[in-house]
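A.B. asks: Before anything else, here's the structure in question.
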Amino acid sequence: MKTDELITMLARGADAVEPDALRRRYATALGWGAFGATLLMAIMLGVRPDLGEAARLPMFWVKLAFPAALFAGALLATLRLSRPGVRLGRVPAAIAAPVLAMWLLAAVVLFGAAPAERGQLVFGDTWADCPLYVAILSMPAFGALLWAMKGYAPTRPALAGAAAGLLSGAGGALVYALHCPEMAAPFLGIWYLLGILIPTALGAMLGPRLLRW
Amino acid sequence: MDKEGRASAAENRLRDLLVRGLAGEVPAYHAFLKELSAHLRAFLRGRLARLPDEVEDLVQETLLAVHNQRHTYDAAQPLTAWVHAIARYKLVDLLRRRAGRSALHDPLDDELDVLASSDNDAADARRDLARLLERLPDRQRLPIVHMKLEGLSVVETARRTGMSESAVKVGVHRGLKALAAMIRRER
């Protein structure tokens with residue numbers, strides 16, 4: 001087939017393209033991810049019994065704001081990396097900012113605490129469960145987001161997969177925060193982050209295999 | 001005109017054609033692909049100096065990718081950046097397979113190069129897409145043959161094949177994506 005014949009073939013009957021399909025596809029994926037995470041949480045964990053009281057503490061909202069800020073940055077990165085030739089710009093800085101802020105807060109808290117209390121602030125009572133549960137709760141969104149991304153054209157598939165993983169991880173952490181009793185900044189800055197990084201690393205590994213086009 | 005001037009004139013003209021094409025104007029879209037193919041040819045010929053026989057194949061593969069991914073173009077985005085990213089992705093993919101991992105290095109390049117020059121002198125492609133098309137399953141091949149090669153409408157194609165109209169459209173879409181996947185695997 002000559003190139004001119006190919007061009008005629010491609011152009012013939014080419015319908016109008018919906019302009020907003022990208023956002024809609026990701027919205028669908030996130031919807032399924034949220035549904036799946038909520039379902040898993042209801043089956044495995046349940047919401048913490050003192051949620052109403054906890055909601056009166058500022059630290060509870062900090063605990064939600066941390067993954068929420070990561071979620072927003074990861075969403076921007078995911079959308080940008082899905083289209084060829086769109087630069088990330090300041091998005092990496094927007095993703096780093098909540099992490100640095102949480103580490104700063106953790107440092108202040110640890111510095112101000114008595115040495116004997118520091119272990120409790122870092123490990124809490126549930127450090128061994130937290131990363132695993134965050135990663136498990138992120139899996140429905142992880143799968144749905146990679147499916148959505150397959151409909152697009154990431155030219156940097158490892159980075160794109162990592163962004164999708166980060167987005168699902170932040171979503172998982174957001175849901176897990178409703179169950180988790182821990183409230184200390186050092187705990188959040190280490191174990192929540194570690195949980196979020198599990199799907200991020202998985203996305204970076206799977207991206208080059210799954211997202212080729 | 002210097003390189004930047006030529007690139008920016010081509011950017012404006014091609015972007016206008018593509019935006020109209022994405023709105024459903026077939027002649028504008030055809031003109032877009034036609035002009036883009038000449039730019040891609042010049043760009044890829046410059047970068048495949050050691051593999052001149054691959055140029056036309058890669059022009060075709062890139063055009064197919066541009067078509068399959070046309071929904072990822074955002075009209076607020078410079079067309080040059082979009083086209084360059086697609087062409088470069090396909091080029092790096094080819095070089096990676098041809099040269100092996102040891103020889104892989106990112107080709108130094110300037111985004112503007114992709115639209116700055118053009119070349120209408122098409123060589124024959126070595127890989128025949130028409131023969132690859134024959135290997136697609138009927139539910140994809142028949143809609144492509146009737147609609148895209150013979151120029152029948154969706155309704156006529158649906159009647160001839162006994163498929164529903166939406167199955168015909170899906171068949172064309174998936175078939176062209178499957179064609180791109182076959183090219184990738186073939187290398």
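Just so we're on the same page: first chain in the structure tokens is A, next is B, and so on; residues restart at 1 for each chain, and ligands are numbered from 1 in the order they show up.
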Name all residues at most 10 Å from segment 201-208 of chain A (count only C-alpha atoms; drop same-chain ones fewer than 6 positions away) and give them as number ranges by chain.

C.D. replies: A: 142-143, 146, 149-150, 154-166, 168

A.B. asks: Provide as number ranges by chain the residues of chain A at most 7 Å from chain B, counting only C-alpha atoms.

C.D. replies: A: 1-3, 7-17, 83-85, 152-153, 155, 213

A.B. asks: For the residues in the current selection, export C-alpha atoms as a PDB file, in the first residue's frame.

C.D. replies:
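out-v1.pdb written:
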```pdb
ATOM      1  CA  MET A   1       0.000   0.000   0.000  1.00  0.00           C
ATOM      2  CA  LYS A   2       1.390   3.377  -0.975  1.00  0.00           C
ATOM      3  CA  THR A   3       1.469   6.175   1.564  1.00  0.00           C
ATOM      4  CA  ILE A   7      -3.811   8.561   3.831  1.00  0.00           C
ATOM      5  CA  THR A   8      -6.966   8.242   1.748  1.00  0.00           C
ATOM      6  CA  MET A   9      -7.950   5.175   3.718  1.00  0.00           C
ATOM      7  CA  LEU A  10      -7.379   6.818   7.103  1.00  0.00           C
ATOM      8  CA  ALA A  11      -9.197  10.024   6.189  1.00  0.00           C
ATOM      9  CA  ARG A  12     -12.187   8.382   4.558  1.00  0.00           C
ATOM     10  CA  GLY A  13     -15.250   8.486   6.766  1.00  0.00           C
ATOM     11  CA  ALA A  14     -13.247   9.790   9.740  1.00  0.00           C
ATOM     12  CA  ASP A  15     -15.893  10.941  12.189  1.00  0.00           C
ATOM     13  CA  ALA A  16     -15.741  13.900  14.515  1.00  0.00           C
ATOM     14  CA  VAL A  17     -13.814  13.182  17.711  1.00  0.00           C
ATOM     15  CA  ARG A  83      -1.112  12.948  25.744  1.00  0.00           C
ATOM     16  CA  PRO A  84       1.964  13.051  23.527  1.00  0.00           C
ATOM     17  CA  GLY A  85       4.017  16.217  23.800  1.00  0.00           C
ATOM     18  CA  TYR A 152      -4.324   7.050  25.273  1.00  0.00           C
ATOM     19  CA  ALA A 153      -0.812   7.518  24.033  1.00  0.00           C
ATOM     20  CA  THR A 155       5.184   8.468  25.237  1.00  0.00           C
ATOM     21  CA  TRP A 213       0.968   1.777  21.319  1.00  0.00           C
TER      22      TRP A 213
END
```

A.B. asks: Looking only at helix (DSSP H, G or I) from DSSP on the backbone, list the matching residues of segment 2-213 of chain A as an NGL selection string.

C.D. replies: :A and (3-11 or 21-44 or 51-54 or 58-81 or 91-112 or 115-123 or 130-150 or 157-176 or 185-210)

A.B. asks: Just the residues within 9 Å of Ile196 of chain A, please, counting only C-alpha atoms, with nothing from its chain fewer than 6 positions along; format it as a list in words.

C.D. replies: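 Non-adjacent residues within range: Pro67, Pro131, Val134, Ala135, Ser138, Gly165, Leu166, Leu167, Ser168, Gly169, Ala170, Gly171, Gly172 and Ala173 of chain A.
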
A.B. asks: Using N, CA and C atoms, can you write the selected residues to a file as an mmCIF file, in the first residue's frame?

C.D. replies:
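And here's out.cif as it stands now:
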```cif
data_model
loop_
_atom_site.group_PDB
_atom_site.id
_atom_site.type_symbol
_atom_site.label_atom_id
_atom_site.label_comp_id
_atom_site.auth_asym_id
_atom_site.auth_seq_id
_atom_site.Cartn_x
_atom_site.Cartn_y
_atom_site.Cartn_z
ATOM 1 N N PRO A 67 -2.990 12.727 51.593
ATOM 2 C CA PRO A 67 -3.249 11.971 50.357
ATOM 3 C C PRO A 67 -4.079 12.750 49.342
ATOM 4 N N PRO A 131 0.920 0.037 55.244
ATOM 5 C CA PRO A 131 1.286 0.092 53.815
ATOM 6 C C PRO A 131 0.565 -0.966 52.990
ATOM 7 N N VAL A 134 -3.125 0.065 52.471
ATOM 8 C CA VAL A 134 -3.203 1.180 51.507
ATOM 9 C C VAL A 134 -3.033 0.631 50.093
ATOM 10 N N ALA A 135 -2.045 -0.266 49.931
ATOM 11 C CA ALA A 135 -1.790 -0.833 48.602
ATOM 12 C C ALA A 135 -2.974 -1.686 48.134
ATOM 13 N N SER A 138 -5.833 0.373 47.002
ATOM 14 C CA SER A 138 -5.581 1.121 45.767
ATOM 15 C C SER A 138 -5.741 0.257 44.516
ATOM 16 N N GLY A 165 -0.196 4.841 39.132
ATOM 17 C CA GLY A 165 -0.032 4.127 40.394
ATOM 18 C C GLY A 165 -0.094 5.060 41.590
ATOM 19 N N LEU A 166 0.556 6.213 41.455
ATOM 20 C CA LEU A 166 0.537 7.211 42.530
ATOM 21 C C LEU A 166 -0.891 7.693 42.786
ATOM 22 N N LEU A 167 -1.610 7.920 41.679
ATOM 23 C CA LEU A 167 -2.998 8.373 41.804
ATOM 24 C C LEU A 167 -3.835 7.328 42.531
ATOM 25 N N SER A 168 -3.688 6.063 42.160
ATOM 26 C CA SER A 168 -4.477 5.023 42.817
ATOM 27 C C SER A 168 -4.034 4.867 44.275
ATOM 28 N N GLY A 169 -2.721 4.990 44.525
ATOM 29 C CA GLY A 169 -2.215 4.875 45.894
ATOM 30 C C GLY A 169 -2.749 5.980 46.786
ATOM 31 N N ALA A 170 -2.759 7.208 46.256
ATOM 32 C CA ALA A 170 -3.278 8.330 47.040
ATOM 33 C C ALA A 170 -4.762 8.120 47.335
ATOM 34 N N GLY A 171 -5.489 7.583 46.341
ATOM 35 C CA GLY A 171 -6.907 7.279 46.557
ATOM 36 C C GLY A 171 -7.073 6.205 47.627
ATOM 37 N N GLY A 172 -6.235 5.168 47.567
ATOM 38 C CA GLY A 172 -6.290 4.104 48.568
ATOM 39 C C GLY A 172 -6.013 4.635 49.965
ATOM 40 N N ALA A 173 -5.024 5.533 50.075
ATOM 41 C CA ALA A 173 -4.676 6.115 51.377
ATOM 42 C C ALA A 173 -5.822 6.965 51.923
#
```

A.B. asks: With distances taken over only C-alpha atoms, which of B:Val172, B:Leu94, B:Ala49, B:Ala42 is nearest to Leu133 of chain B?

C.D. replies: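 Closest to Leu133 of chain B of all the choices is B:Val172.
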
A.B. asks: Need to verify the contact set: Ser118 of chain B, 7 Å, only C-alpha atoms, exclusion of same-chain residues closer than 2 positions in sequence. Can you return it as a VMD selection string?

C.D. replies: chain B and resid 38 to 39 41 to 42 120

A.B. asks: May I have the residues from that selection written out with N, CA and C atoms, as an mmCIF file, in the first residue's frame?

C.D. replies:
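As a result, part-v1.cif now contains:
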```cif
data_model
loop_
_atom_site.group_PDB
_atom_site.id
_atom_site.type_symbol
_atom_site.label_atom_id
_atom_site.label_comp_id
_atom_site.auth_asym_id
_atom_site.auth_seq_id
_atom_site.Cartn_x
_atom_site.Cartn_y
_atom_site.Cartn_z
ATOM 1 N N ALA B 38 4.463 14.601 4.351
ATOM 2 C CA ALA B 38 5.674 15.171 3.736
ATOM 3 C C ALA B 38 6.634 15.687 4.817
ATOM 4 N N HIS B 39 6.084 16.296 5.855
ATOM 5 C CA HIS B 39 6.937 16.754 6.965
ATOM 6 C C HIS B 39 7.581 15.577 7.681
ATOM 7 N N ARG B 41 8.217 12.658 6.508
ATOM 8 C CA ARG B 41 9.205 12.019 5.642
ATOM 9 C C ARG B 41 10.540 12.745 5.742
ATOM 10 N N ALA B 42 10.493 14.082 5.662
ATOM 11 C CA ALA B 42 11.739 14.855 5.734
ATOM 12 C C ALA B 42 12.392 14.686 7.107
ATOM 13 N N ASN B 120 7.990 15.450 -0.512
ATOM 14 C CA ASN B 120 6.847 14.755 -1.111
ATOM 15 C C ASN B 120 7.240 13.539 -1.926
#
```

A.B. asks: So that I can see what lies close to Trp103 of chain A, please list as a PyMOL selection string the residues with an atom at most 8 Å from it, counting only C-alpha atoms and leaving out residues fewer than 5 positions away in the same chain.

C.D. replies: chain A and resi 185-186+189

A.B. asks: Could you please determine the separation between atom CA of Ala107 of chain A and atom CA of Leu76 of chain A in Å, to one decimal place?

C.D. replies: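 Straight-line distance from atom CA of Ala107 of chain A to atom CA of Leu76 of chain A works out to 28.5 Å.
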
A.B. asks: Between atom CA of Leu136 of chain B and atom CA of Leu179 of chain B, what is the distance in Å, rounded to a tenth?

C.D. replies: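 Calculated distance between atom CA of Leu136 of chain B and atom CA of Leu179 of chain B is 7.7 Å.
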
A.B. asks: How many Å separate atom CA of Glu11 of chain B from atom CA of Ala116 of chain B?

C.D. replies: 9.0 Å

A.B. asks: Determine, counting only C-alpha atoms, which protein, DNA and RNA residues have an atom within 10 Å of an atom of Thr161 of chain B; residues of the same chain fewer than 6 positions away are not included. Present the result as a ChimeraX atom specification.

C.D. replies: /B:138-139,142-143,146,168

A.B. asks: Could you save the residues just selected, with N, CA and C atoms, as a JSON list (two decimals), in the first residue's frame?

C.D. replies:
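Contents of selection_20.json, as written:
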```
[["chain", "number", "residue", "atom", "x", "y", "z"],
["B", 138, "ASP", "N", -12.37, -11.10, 10.54],
["B", 138, "ASP", "CA", -13.42, -10.52, 9.68],
["B", 138, "ASP", "C", -14.15, -9.35, 10.31],
["B", 139, "ARG", "N", -14.41, -9.42, 11.62],
["B", 139, "ARG", "CA", -15.20, -8.36, 12.24],
["B", 139, "ARG", "C", -14.47, -7.02, 12.21],
["B", 142, "LEU", "N", -13.55, -6.65, 7.49],
["B", 142, "LEU", "CA", -14.64, -6.29, 6.57],
["B", 142, "LEU", "C", -15.07, -4.84, 6.72],
["B", 143, "PRO", "N", -15.28, -4.34, 7.96],
["B", 143, "PRO", "CA", -15.62, -2.91, 8.05],
["B", 143, "PRO", "C", -14.55, -2.01, 7.45],
["B", 146, "HIS", "N", -14.76, -2.35, 3.49],
["B", 146, "HIS", "CA", -15.93, -1.70, 2.89],
["B", 146, "HIS", "C", -15.93, -0.19, 3.12],
["B", 168, "VAL", "N", -19.78, -2.03, 13.33],
["B", 168, "VAL", "CA", -18.97, -1.62, 12.19],
["B", 168, "VAL", "C", -17.97, -0.55, 12.61]]
```

A.B. asks: Nearest to Leu40 of chain B among B:Asp119, B:Arg97, B:Ala9, B:Glu54, with distances taken over only C-alpha atoms: which residue is it?

C.D. replies: B:Asp119

A.B. asks: When you count only C-alpha atoms, which of these residues is closest to His173 of chain B: B:Lys3, B:Arg141, B:Arg15, B:Arg135?

C.D. replies: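 Smallest separation from His173 of chain B among the options: B:Arg141.
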
A.B. asks: Ranking A:Leu121, A:Leu79, A:Ala94, A:Leu137 by minimum distance to Met44 of chain A and counting only C-alpha atoms, which one comes first?

C.D. replies: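 Once distances to Met44 of chain A are computed over only C-alpha atoms, the minimum belongs to A:Leu137.
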